[in-house]
Structure formats: structure tokens, C-alpha cells
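Peer 1: Quick one, my_file-v5.txt (compact mmCIF, N, CA and C atoms):
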```txt
# COMPACT_ATOMS: atom_id res chain seq x y z
N MET A 1 0.84 -1.18 0.00
CA MET A 1 0.00 0.00 0.00
C MET A 1 0.89 1.24 0.00
N ARG A 2 0.58 2.19 -0.83
CA ARG A 2 1.34 3.44 -0.91
C ARG A 2 0.50 4.57 -0.35
N TYR A 3 1.17 5.54 0.20
CA TYR A 3 0.53 6.71 0.79
C TYR A 3 0.97 7.92 -0.01
N TYR A 4 0.00 8.63 -0.61
CA TYR A 4 0.28 9.78 -1.46
C TYR A 4 -0.35 11.03 -0.84
N PRO A 5 0.35 11.69 0.07
CA PRO A 5 -0.20 12.90 0.68
C PRO A 5 -0.17 14.07 -0.29
N GLN A 6 -0.97 15.07 0.00
CA GLN A 6 -1.01 16.27 -0.84
C GLN A 6 -0.79 17.49 0.06
N PRO A 7 0.46 17.97 0.15
CA PRO A 7 0.71 19.19 0.93
C PRO A 7 -0.04 20.37 0.32
N PRO A 8 -0.33 21.39 1.13
CA PRO A 8 -1.04 22.57 0.60
C PRO A 8 -0.30 23.18 -0.59
N TYR A 9 -1.08 23.54 -1.59
CA TYR A 9 -0.58 24.21 -2.80
C TYR A 9 0.35 23.33 -3.64
N LYS A 10 0.31 22.02 -3.41
CA LYS A 10 1.12 21.09 -4.18
C LYS A 10 0.23 19.93 -4.61
N GLY A 11 0.67 19.20 -5.61
CA GLY A 11 -0.09 18.05 -6.09
C GLY A 11 0.20 16.82 -5.26
N PHE A 12 -0.50 15.71 -5.59
CA PHE A 12 -0.24 14.45 -4.93
C PHE A 12 1.18 14.01 -5.25
N ARG A 13 1.89 13.56 -4.23
CA ARG A 13 3.27 13.12 -4.42
C ARG A 13 3.51 11.85 -3.63
N ASP A 14 4.47 11.09 -4.09
CA ASP A 14 4.93 9.96 -3.30
C ASP A 14 5.58 10.51 -2.05
N ILE A 15 5.42 9.84 -0.94
CA ILE A 15 5.91 10.36 0.33
C ILE A 15 7.44 10.53 0.33
N GLU A 16 8.13 9.78 -0.49
CA GLU A 16 9.59 9.89 -0.57
C GLU A 16 10.02 11.22 -1.19
N GLN A 17 9.14 11.91 -1.88
CA GLN A 17 9.49 13.17 -2.53
C GLN A 17 9.22 14.39 -1.64
N LEU A 18 8.76 14.18 -0.43
CA LEU A 18 8.44 15.29 0.46
C LEU A 18 9.62 15.66 1.35
N SER A 19 9.59 16.89 1.87
CA SER A 19 10.61 17.31 2.84
C SER A 19 10.37 16.59 4.16
N GLY A 20 11.33 16.72 5.07
CA GLY A 20 11.20 16.08 6.37
C GLY A 20 9.97 16.55 7.14
N GLY A 21 9.71 17.87 7.11
CA GLY A 21 8.54 18.41 7.80
C GLY A 21 7.24 17.94 7.18
N GLU A 22 7.22 17.90 5.84
CA GLU A 22 6.01 17.42 5.15
C GLU A 22 5.76 15.94 5.44
N LYS A 23 6.82 15.16 5.53
CA LYS A 23 6.66 13.74 5.88
C LYS A 23 6.10 13.59 7.29
N SER A 24 6.60 14.42 8.21
CA SER A 24 6.12 14.34 9.59
C SER A 24 4.64 14.69 9.67
N ILE A 25 4.24 15.78 9.01
CA ILE A 25 2.83 16.19 9.02
C ILE A 25 1.97 15.12 8.35
N ALA A 26 2.44 14.56 7.24
CA ALA A 26 1.67 13.51 6.55
C ALA A 26 1.51 12.28 7.43
N ALA A 27 2.58 11.89 8.13
CA ALA A 27 2.50 10.73 9.02
C ALA A 27 1.55 10.98 10.18
N LEU A 28 1.62 12.18 10.77
CA LEU A 28 0.70 12.51 11.87
C LEU A 28 -0.74 12.57 11.39
N ALA A 29 -0.95 13.11 10.19
CA ALA A 29 -2.32 13.15 9.63
C ALA A 29 -2.87 11.75 9.46
N LEU A 30 -2.05 10.84 8.95
CA LEU A 30 -2.48 9.45 8.79
C LEU A 30 -2.74 8.80 10.15
N LEU A 31 -1.85 9.03 11.11
CA LEU A 31 -2.03 8.48 12.45
C LEU A 31 -3.32 8.95 13.09
N PHE A 32 -3.59 10.26 13.02
CA PHE A 32 -4.80 10.80 13.63
C PHE A 32 -6.05 10.40 12.85
N ALA A 33 -5.93 10.20 11.54
CA ALA A 33 -7.08 9.72 10.77
C ALA A 33 -7.42 8.28 11.16
N ILE A 34 -6.41 7.45 11.33
CA ILE A 34 -6.64 6.08 11.78
C ILE A 34 -7.25 6.09 13.17
N HIS A 35 -6.76 7.01 14.02
CA HIS A 35 -7.30 7.12 15.38
C HIS A 35 -8.77 7.50 15.37
N SER A 36 -9.20 8.34 14.44
CA SER A 36 -10.62 8.72 14.39
C SER A 36 -11.49 7.53 13.98
N PHE A 37 -10.92 6.59 13.24
CA PHE A 37 -11.65 5.40 12.82
C PHE A 37 -11.59 4.30 13.88
N HIS A 38 -10.42 4.12 14.47
CA HIS A 38 -10.21 3.06 15.47
C HIS A 38 -9.45 3.67 16.65
N PRO A 39 -10.17 4.26 17.61
CA PRO A 39 -9.54 5.01 18.70
C PRO A 39 -8.62 4.18 19.59
N SER A 40 -7.60 4.85 20.06
CA SER A 40 -6.66 4.30 21.02
C SER A 40 -6.69 5.21 22.25
N PRO A 41 -6.53 4.68 23.46
CA PRO A 41 -6.63 5.54 24.64
C PRO A 41 -5.44 6.48 24.83
N PHE A 42 -4.29 6.16 24.24
CA PHE A 42 -3.15 7.05 24.40
C PHE A 42 -2.16 6.91 23.25
N PHE A 43 -1.31 7.93 23.13
CA PHE A 43 -0.24 7.95 22.14
C PHE A 43 1.07 8.24 22.85
N VAL A 44 2.14 7.67 22.35
CA VAL A 44 3.49 8.06 22.74
C VAL A 44 4.15 8.58 21.47
N LEU A 45 4.45 9.86 21.44
CA LEU A 45 5.01 10.51 20.26
C LEU A 45 6.44 10.94 20.59
N ASP A 46 7.41 10.35 19.93
CA ASP A 46 8.81 10.60 20.22
C ASP A 46 9.41 11.55 19.18
N GLU A 47 9.59 12.79 19.56
CA GLU A 47 10.20 13.84 18.74
C GLU A 47 9.59 13.94 17.34
N VAL A 48 8.27 13.88 17.28
CA VAL A 48 7.58 14.00 15.99
C VAL A 48 7.73 15.41 15.43
N ASP A 49 8.13 16.35 16.27
CA ASP A 49 8.26 17.74 15.86
C ASP A 49 9.67 18.11 15.42
N ALA A 50 10.59 17.17 15.38
CA ALA A 50 12.00 17.48 15.10
C ALA A 50 12.18 18.18 13.76
N ALA A 51 11.45 17.79 12.74
CA ALA A 51 11.62 18.36 11.41
C ALA A 51 10.61 19.48 11.11
N LEU A 52 9.79 19.85 12.10
CA LEU A 52 8.74 20.83 11.88
C LEU A 52 9.20 22.25 12.18
N ASP A 53 8.65 23.19 11.42
CA ASP A 53 8.91 24.60 11.72
C ASP A 53 7.96 25.05 12.83
N THR A 54 8.14 26.28 13.30
CA THR A 54 7.39 26.79 14.44
C THR A 54 5.88 26.75 14.20
N ASN A 55 5.45 27.14 13.02
CA ASN A 55 4.02 27.17 12.71
C ASN A 55 3.41 25.77 12.76
N ASN A 56 4.09 24.79 12.20
CA ASN A 56 3.56 23.42 12.19
C ASN A 56 3.60 22.80 13.59
N VAL A 57 4.60 23.13 14.40
CA VAL A 57 4.62 22.65 15.78
C VAL A 57 3.41 23.19 16.51
N LYS A 58 3.10 24.47 16.28
CA LYS A 58 1.93 25.08 16.93
C LYS A 58 0.65 24.38 16.50
N GLN A 59 0.53 24.05 15.22
CA GLN A 59 -0.67 23.36 14.74
C GLN A 59 -0.81 21.97 15.36
N VAL A 60 0.29 21.25 15.49
CA VAL A 60 0.25 19.92 16.09
C VAL A 60 -0.12 20.03 17.57
N THR A 61 0.49 20.96 18.29
CA THR A 61 0.17 21.10 19.71
C THR A 61 -1.28 21.53 19.90
N ASN A 62 -1.78 22.42 19.05
CA ASN A 62 -3.18 22.83 19.15
C ASN A 62 -4.12 21.66 18.89
N TYR A 63 -3.77 20.81 17.91
CA TYR A 63 -4.62 19.66 17.62
C TYR A 63 -4.64 18.69 18.81
N ILE A 64 -3.46 18.38 19.33
CA ILE A 64 -3.39 17.46 20.47
C ILE A 64 -4.14 18.05 21.67
N GLN A 65 -3.97 19.34 21.90
CA GLN A 65 -4.66 20.01 23.01
C GLN A 65 -6.17 19.96 22.82
N SER A 66 -6.64 20.14 21.59
CA SER A 66 -8.09 20.14 21.34
C SER A 66 -8.70 18.75 21.49
N ARG A 67 -7.88 17.71 21.38
CA ARG A 67 -8.38 16.34 21.46
C ARG A 67 -8.02 15.65 22.78
N LYS A 68 -7.56 16.42 23.78
CA LYS A 68 -7.12 15.77 25.01
C LYS A 68 -8.26 15.10 25.77
N GLY A 69 -9.49 15.39 25.45
CA GLY A 69 -10.61 14.66 26.02
C GLY A 69 -10.81 13.29 25.40
N ASP A 70 -10.22 13.07 24.22
CA ASP A 70 -10.37 11.81 23.49
C ASP A 70 -9.26 10.82 23.77
N PHE A 71 -8.07 11.31 24.06
CA PHE A 71 -6.94 10.42 24.32
C PHE A 71 -5.89 11.15 25.15
N GLN A 72 -5.05 10.37 25.80
CA GLN A 72 -3.90 10.92 26.52
C GLN A 72 -2.68 10.76 25.64
N SER A 73 -1.72 11.64 25.81
CA SER A 73 -0.52 11.53 25.00
C SER A 73 0.71 11.84 25.84
N ILE A 74 1.75 11.13 25.52
CA ILE A 74 3.08 11.41 26.04
C ILE A 74 3.89 11.88 24.85
N VAL A 75 4.38 13.10 24.92
CA VAL A 75 5.13 13.67 23.81
C VAL A 75 6.55 13.93 24.28
N ILE A 76 7.51 13.29 23.64
CA ILE A 76 8.91 13.53 23.90
C ILE A 76 9.36 14.58 22.90
N SER A 77 9.83 15.71 23.40
CA SER A 77 10.14 16.83 22.53
C SER A 77 11.24 17.68 23.12
N LEU A 78 11.93 18.40 22.28
CA LEU A 78 12.92 19.37 22.72
C LEU A 78 12.47 20.79 22.40
N LYS A 79 11.24 20.95 21.95
CA LYS A 79 10.75 22.27 21.55
C LYS A 79 9.86 22.88 22.62
N ASP A 80 10.08 24.17 22.87
CA ASP A 80 9.37 24.89 23.92
C ASP A 80 7.86 24.91 23.73
N GLN A 81 7.38 24.90 22.48
CA GLN A 81 5.94 25.00 22.25
C GLN A 81 5.18 23.82 22.85
N PHE A 82 5.79 22.64 22.85
CA PHE A 82 5.13 21.51 23.49
C PHE A 82 5.12 21.68 25.00
N TYR A 83 6.19 22.21 25.55
CA TYR A 83 6.23 22.45 27.00
C TYR A 83 5.16 23.44 27.42
N GLU A 84 4.97 24.46 26.63
CA GLU A 84 4.02 25.53 26.97
C GLU A 84 2.58 25.04 27.00
N HIS A 85 2.27 23.97 26.29
CA HIS A 85 0.90 23.46 26.22
C HIS A 85 0.70 22.18 27.03
N ALA A 86 1.72 21.77 27.76
CA ALA A 86 1.65 20.51 28.51
C ALA A 86 0.86 20.67 29.79
N ASP A 87 0.25 19.59 30.22
CA ASP A 87 -0.41 19.55 31.52
C ASP A 87 0.58 19.13 32.61
N VAL A 88 1.51 18.26 32.24
CA VAL A 88 2.53 17.77 33.17
C VAL A 88 3.85 17.67 32.41
N LEU A 89 4.93 18.06 33.06
CA LEU A 89 6.26 17.89 32.49
C LEU A 89 7.00 16.81 33.27
N CYS A 90 7.71 15.95 32.55
CA CYS A 90 8.54 14.93 33.17
C CYS A 90 9.94 15.07 32.61
N GLY A 91 10.91 14.89 33.48
CA GLY A 91 12.30 14.96 33.04
C GLY A 91 13.09 13.83 33.64
N VAL A 92 14.13 13.43 32.94
CA VAL A 92 15.01 12.37 33.41
C VAL A 92 16.42 12.94 33.42
N ALA A 93 17.11 12.77 34.54
CA ALA A 93 18.47 13.27 34.67
C ALA A 93 19.35 12.20 35.29
N ARG A 94 20.60 12.32 35.04
CA ARG A 94 21.57 11.39 35.61
C ARG A 94 21.76 11.71 37.09
N ASP A 95 21.77 10.68 37.91
CA ASP A 95 22.01 10.83 39.34
C ASP A 95 23.37 10.19 39.65
N LYS A 96 24.37 11.03 39.88
CA LYS A 96 25.73 10.53 40.11
C LYS A 96 25.83 9.70 41.37
N ASP A 97 25.10 10.09 42.43
CA ASP A 97 25.20 9.39 43.71
C ASP A 97 24.76 7.93 43.59
N SER A 98 23.65 7.70 42.93
CA SER A 98 23.15 6.33 42.81
C SER A 98 23.60 5.64 41.52
N GLU A 99 24.36 6.39 40.71
CA GLU A 99 24.81 5.88 39.41
C GLU A 99 23.64 5.37 38.58
N GLY A 100 22.56 6.12 38.64
CA GLY A 100 21.35 5.77 37.89
C GLY A 100 20.69 7.02 37.36
N SER A 101 19.40 6.96 37.26
CA SER A 101 18.62 8.08 36.75
C SER A 101 17.68 8.60 37.82
N LYS A 102 17.32 9.84 37.69
CA LYS A 102 16.35 10.46 38.59
C LYS A 102 15.26 11.05 37.71
N ILE A 103 14.01 10.88 38.14
CA ILE A 103 12.87 11.38 37.38
C ILE A 103 12.27 12.56 38.12
N PHE A 104 12.00 13.62 37.38
CA PHE A 104 11.39 14.82 37.92
C PHE A 104 10.04 15.03 37.24
N THR A 105 9.03 15.41 37.99
CA THR A 105 7.73 15.73 37.40
C THR A 105 7.25 17.07 37.93
N LEU A 106 6.51 17.76 37.08
CA LEU A 106 5.94 19.05 37.44
C LEU A 106 4.53 19.12 36.89
N ASP A 107 3.55 19.18 37.77
CA ASP A 107 2.15 19.29 37.37
C ASP A 107 1.84 20.76 37.09
N LEU A 108 1.50 21.08 35.85
CA LEU A 108 1.27 22.46 35.45
C LEU A 108 -0.20 22.88 35.56
N LEU A 109 -1.10 21.95 35.78
CA LEU A 109 -2.53 22.28 35.83
C LEU A 109 -2.87 23.33 36.88
N PRO A 110 -2.28 23.30 38.10
CA PRO A 110 -2.61 24.37 39.06
C PRO A 110 -2.22 25.77 38.57
N PHE A 111 -1.18 25.85 37.73
CA PHE A 111 -0.75 27.16 37.21
C PHE A 111 -1.73 27.69 36.17
N TYR A 112 -2.43 26.80 35.46
CA TYR A 112 -3.42 27.23 34.47
C TYR A 112 -4.65 27.85 35.15
N GLN A 113 -4.88 27.46 36.39
CA GLN A 113 -6.07 27.91 37.10
C GLN A 113 -5.87 29.25 37.79
N LEU A 114 -4.66 29.80 37.73
CA LEU A 114 -4.39 31.10 38.37
C LEU A 114 -5.08 32.24 37.67
```
Mind turning this structure into C-alpha cells?
Peer 2:
Amino acid sequence: MRYYPQPPYKGFRDIEQLSGGEKSIAALALLFAIHSFHPSPFFVLDEVDAALDTNNVKQVTNYIQSRKGDFQSIVISLKDQFYEHADVLCGVARDKDSEGSKIFTLDLLPFYQL
């Protein structure tokens, strides 16, 4: 099966002919379309925004935020826009004393209610 996305203002193309950002948006569109047909309770998205520009990151975060009543998501990202729209932040850091890892969490929901 082949997937032929159509970016705005462009014709149908094979996915191999798209830029990295266009491939990411096309893959997310397919993922969320499948989800609308066969829902899943949660998603784990690992740096799906790496190839996206600021505008497209904002669109993805707005979409996920608008659908948070339908599913939960864990988004691994290095971009501030995802942090700004998160309900909870989790971080992992090296712990030299125990020679392992330490996990930090920050619940942001009380700050939204201010």
C-alpha cells in the first residue's frame, strides 16, 4: 500500500518526494485519521516535531490540546511550544550518587487555574 499525501498548494506526491517536515505532518495526519476510525486511549510521540517549523509545531500542539478529552498523550520533545501546552512535564536526569537516573515531574494544571 502506498501513501500519497497532498501538501497545501502542491499536487499528490509519493511520500519519498516530500521534505522532512512534510513527511512528519503527513505521518501525523495518517495516524490521527486512523485514530478517528479506530480510537486508542493514548499515544506516545517521540520527537515528531523534530523536522517541523514553528508554525507546524503550533498546529500539532493545538490539535493534540483540542483532542485531550479523546486520548492521553506522552510527547517527547525538545521544543518549547510543546512544554508551553503541557499539563505535566517529566524529566530524566543522571544521578551521580546512585549511578542511575532520577525522574522529575511538574504538574502544570494548578498554574493554568491562576
Peer 1: Pick out the residues sitting within 10 Å of segment 10-24 of chain A, and hand them over as a list of chain:residue names; count only C-alpha atoms, and ignore anything fewer than 2 positions along from it in its own chain.
Peer 2: A:Arg2, A:Tyr3, A:Tyr4, A:Pro5, A:Gln6, A:Pro7, A:Pro8, A:Ala26, A:Ala27, A:Leu28, A:Ala29, A:Leu30, A:Val48, A:Asp49, A:Ala50, A:Ala51, A:Leu52, A:Asp53, A:Asn56, A:Val57
Peer 1: Find the distance between atom CA of Thr61 of chain A and atom CA of Gly91 of chain A and write it in Å to one decimal.
Peer 2: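 That distance, rounded to one decimal, is 19.0 Å.
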Peer 1: Find the residue from A:Gln65, A:Leu45, A:Ser101, A:Val60 that sits nearest to Ser77 of chain A; use all atoms listed in the file when measuring.
Peer 2: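 Of A:Gln65, A:Leu45, A:Ser101, A:Val60, the one nearest Ser77 of chain A, counting all atoms listed in the file, is A:Leu45.
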Peer 1: So how many Å separate atom CA of Phe42 of chain A and atom CA of Ala86 of chain A, to one decimal?
Peer 2: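 Computed distance, atom CA of Phe42 of chain A to atom CA of Ala86 of chain A, equals 14.9 Å.
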Peer 1: Run DSSP on the backbone and grab whatever in segment 40-109 of chain A lands in helix (DSSP H, G or I); send it over as an MDAnalysis selection string.
Peer 2: chainID A and resid 54:66 80:84 109
Peer 1: Give as a PDB file with N, CA and C atoms, in the coordinates of the input the set of residues within 7 Å of the point (1.3, 5.8, 25.3), where distances use the file's coordinates and only N, CA and C atoms.
Peer 2:
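Generated output (result-v2.pdb):
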```pdb
ATOM      1  N   PRO A  41      -6.530   4.680  23.460  1.00  0.00           N
ATOM      2  CA  PRO A  41      -6.630   5.540  24.640  1.00  0.00           C
ATOM      3  C   PRO A  41      -5.440   6.480  24.830  1.00  0.00           C
ATOM      4  N   PHE A  42      -4.290   6.160  24.240  1.00  0.00           N
ATOM      5  CA  PHE A  42      -3.150   7.050  24.400  1.00  0.00           C
ATOM      6  C   PHE A  42      -2.160   6.910  23.250  1.00  0.00           C
ATOM      7  N   PHE A  43      -1.310   7.930  23.130  1.00  0.00           N
ATOM      8  CA  PHE A  43      -0.240   7.950  22.140  1.00  0.00           C
ATOM      9  C   PHE A  43       1.070   8.240  22.850  1.00  0.00           C
ATOM     10  N   VAL A  44       2.140   7.670  22.350  1.00  0.00           N
ATOM     11  CA  VAL A  44       3.490   8.060  22.740  1.00  0.00           C
ATOM     12  C   VAL A  44       4.150   8.580  21.470  1.00  0.00           C
ATOM     13  N   LEU A  45       4.450   9.860  21.440  1.00  0.00           N
ATOM     14  CA  LEU A  45       5.010  10.510  20.260  1.00  0.00           C
ATOM     15  C   LEU A  45       6.440  10.940  20.590  1.00  0.00           C
ATOM     16  N   GLN A  72      -5.050  10.370  25.800  1.00  0.00           N
ATOM     17  CA  GLN A  72      -3.900  10.920  26.520  1.00  0.00           C
ATOM     18  C   GLN A  72      -2.680  10.760  25.640  1.00  0.00           C
ATOM     19  N   SER A  73      -1.720  11.640  25.810  1.00  0.00           N
ATOM     20  CA  SER A  73      -0.520  11.530  25.000  1.00  0.00           C
ATOM     21  C   SER A  73       0.710  11.840  25.840  1.00  0.00           C
ATOM     22  N   ILE A  74       1.750  11.130  25.520  1.00  0.00           N
ATOM     23  CA  ILE A  74       3.080  11.410  26.040  1.00  0.00           C
ATOM     24  C   ILE A  74       3.890  11.880  24.850  1.00  0.00           C
TER      25      ILE A  74
END
```
Peer 1: Figure out the distance between atom CA of Tyr83 of chain A and atom CA of Thr54 of chain A, please, to one decimal in Å.
Peer 2: 13.3 Å
Peer 1: Neighbouring residues of Asp107 of chain A were defined as those with any atom within 7 Å, considering all atoms listed in the file; residues of the same chain fewer than 5 positions away were excluded. Please report them as JSON, numbers by chain.
Peer 2: {"A": [87, 88, 89]}
Peer 1: Using only the atoms of segment 27-40 of chain A listed in the file, plus 5 Å on each side, state the axis-aligned box centre and edge lengths in Å rounded to one decimal, as JSON.
Peer 2:
```
{"center_x": -4.5, "center_y": 8.1, "center_z": 15.2, "size_x": 24.2, "size_y": 20.1, "size_z": 24.1}
```
Peer 1: Considering only N, CA and C atoms, return as a list in words whatever protein or nucleic-acid residues lie within 8 Å of Lys58 of chain A, sequence-local ones (same chain, fewer than 6 positions apart) excluded.
Peer 2: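 Counting only N, CA and C atoms, the residues come to Leu52, Ile64, Gln81 and Phe82 of chain A.
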Peer 1: Which of segment 2-74 of chain A end up as strand (DSSP E) when DSSP is run on this backbone - answer as an NGL selection string?
Peer 2: :A and (42-46 or 72-74)
Peer 1: Extract segment 75-98 of chain A from the structure I just pasted (atoms: N, CA, C and O atoms) and return it as a CSV table (one decimal), in the first residue's frame.
Peer 2:
```csv
chain,number,residue,atom,x,y,z
A,75,VAL,N,4.4,13.1,24.9
A,75,VAL,CA,5.1,13.7,23.8
A,75,VAL,C,6.6,13.9,24.3
A,75,VAL,O,6.8,14.7,25.2
A,76,ILE,N,7.5,13.3,23.6
A,76,ILE,CA,8.9,13.5,23.9
A,76,ILE,C,9.4,14.6,22.9
A,76,ILE,O,9.3,14.4,21.7
A,77,SER,N,9.8,15.7,23.4
A,77,SER,CA,10.1,16.8,22.5
A,77,SER,C,11.2,17.7,23.1
A,77,SER,O,11.4,17.7,24.3
A,78,LEU,N,11.9,18.4,22.3
A,78,LEU,CA,12.9,19.4,22.7
A,78,LEU,C,12.5,20.8,22.4
A,78,LEU,O,13.2,21.7,22.6
A,79,LYS,N,11.2,20.9,22.0
A,79,LYS,CA,10.7,22.3,21.5
A,79,LYS,C,9.9,22.9,22.6
A,79,LYS,O,9.0,22.2,23.2
A,80,ASP,N,10.1,24.2,22.9
A,80,ASP,CA,9.4,24.9,23.9
A,80,ASP,C,7.9,24.9,23.7
A,80,ASP,O,7.1,24.9,24.7
A,81,GLN,N,7.4,24.9,22.5
A,81,GLN,CA,5.9,25.0,22.2
A,81,GLN,C,5.2,23.8,22.8
A,81,GLN,O,4.1,24.0,23.3
A,82,PHE,N,5.8,22.6,22.8
A,82,PHE,CA,5.1,21.5,23.5
A,82,PHE,C,5.1,21.7,25.0
A,82,PHE,O,4.2,21.3,25.7
A,83,TYR,N,6.2,22.2,25.6
A,83,TYR,CA,6.2,22.4,27.0
A,83,TYR,C,5.2,23.4,27.4
A,83,TYR,O,4.5,23.3,28.5
A,84,GLU,N,5.0,24.5,26.6
A,84,GLU,CA,4.0,25.5,27.0
A,84,GLU,C,2.6,25.0,27.0
A,84,GLU,O,1.7,25.6,27.7
A,85,HIS,N,2.3,24.0,26.3
A,85,HIS,CA,0.9,23.5,26.2
A,85,HIS,C,0.7,22.2,27.0
A,85,HIS,O,-0.4,21.6,27.0
A,86,ALA,N,1.7,21.8,27.8
A,86,ALA,CA,1.7,20.5,28.5
A,86,ALA,C,0.9,20.7,29.8
A,86,ALA,O,0.8,21.7,30.4
A,87,ASP,N,0.2,19.6,30.2
A,87,ASP,CA,-0.4,19.6,31.5
A,87,ASP,C,0.6,19.1,32.6
A,87,ASP,O,0.5,19.6,33.7
A,88,VAL,N,1.5,18.3,32.2
A,88,VAL,CA,2.5,17.8,33.2
A,88,VAL,C,3.9,17.7,32.4
A,88,VAL,O,3.9,17.2,31.3
A,89,LEU,N,4.9,18.1,33.1
A,89,LEU,CA,6.3,17.9,32.5
A,89,LEU,C,7.0,16.8,33.3
A,89,LEU,O,6.9,16.7,34.5
A,90,CYS,N,7.7,16.0,32.5
A,90,CYS,CA,8.5,14.9,33.2
A,90,CYS,C,9.9,15.1,32.6
A,90,CYS,O,10.1,15.3,31.4
A,91,GLY,N,10.9,14.9,33.5
A,91,GLY,CA,12.3,15.0,33.0
A,91,GLY,C,13.1,13.8,33.6
A,91,GLY,O,12.8,13.3,34.7
A,92,VAL,N,14.1,13.4,32.9
A,92,VAL,CA,15.0,12.4,33.4
A,92,VAL,C,16.4,12.9,33.4
A,92,VAL,O,16.9,13.5,32.4
A,93,ALA,N,17.1,12.8,34.5
A,93,ALA,CA,18.5,13.3,34.7
A,93,ALA,C,19.4,12.2,35.3
A,93,ALA,O,18.9,11.3,36.0
A,94,ARG,N,20.6,12.3,35.0
A,94,ARG,CA,21.6,11.4,35.6
A,94,ARG,C,21.8,11.7,37.1
A,94,ARG,O,21.9,12.9,37.5
A,95,ASP,N,21.8,10.7,37.9
A,95,ASP,CA,22.0,10.8,39.3
A,95,ASP,C,23.4,10.2,39.7
A,95,ASP,O,23.5,9.0,39.7
A,96,LYS,N,24.4,11.0,39.9
A,96,LYS,CA,25.7,10.5,40.1
A,96,LYS,C,25.8,9.7,41.4
A,96,LYS,O,26.6,8.7,41.4
A,97,ASP,N,25.1,10.1,42.4
A,97,ASP,CA,25.2,9.4,43.7
A,97,ASP,C,24.8,7.9,43.6
A,97,ASP,O,25.4,7.0,44.1
A,98,SER,N,23.7,7.7,42.9
A,98,SER,CA,23.1,6.3,42.8
A,98,SER,C,23.6,5.6,41.5
A,98,SER,O,23.3,4.5,41.3
```
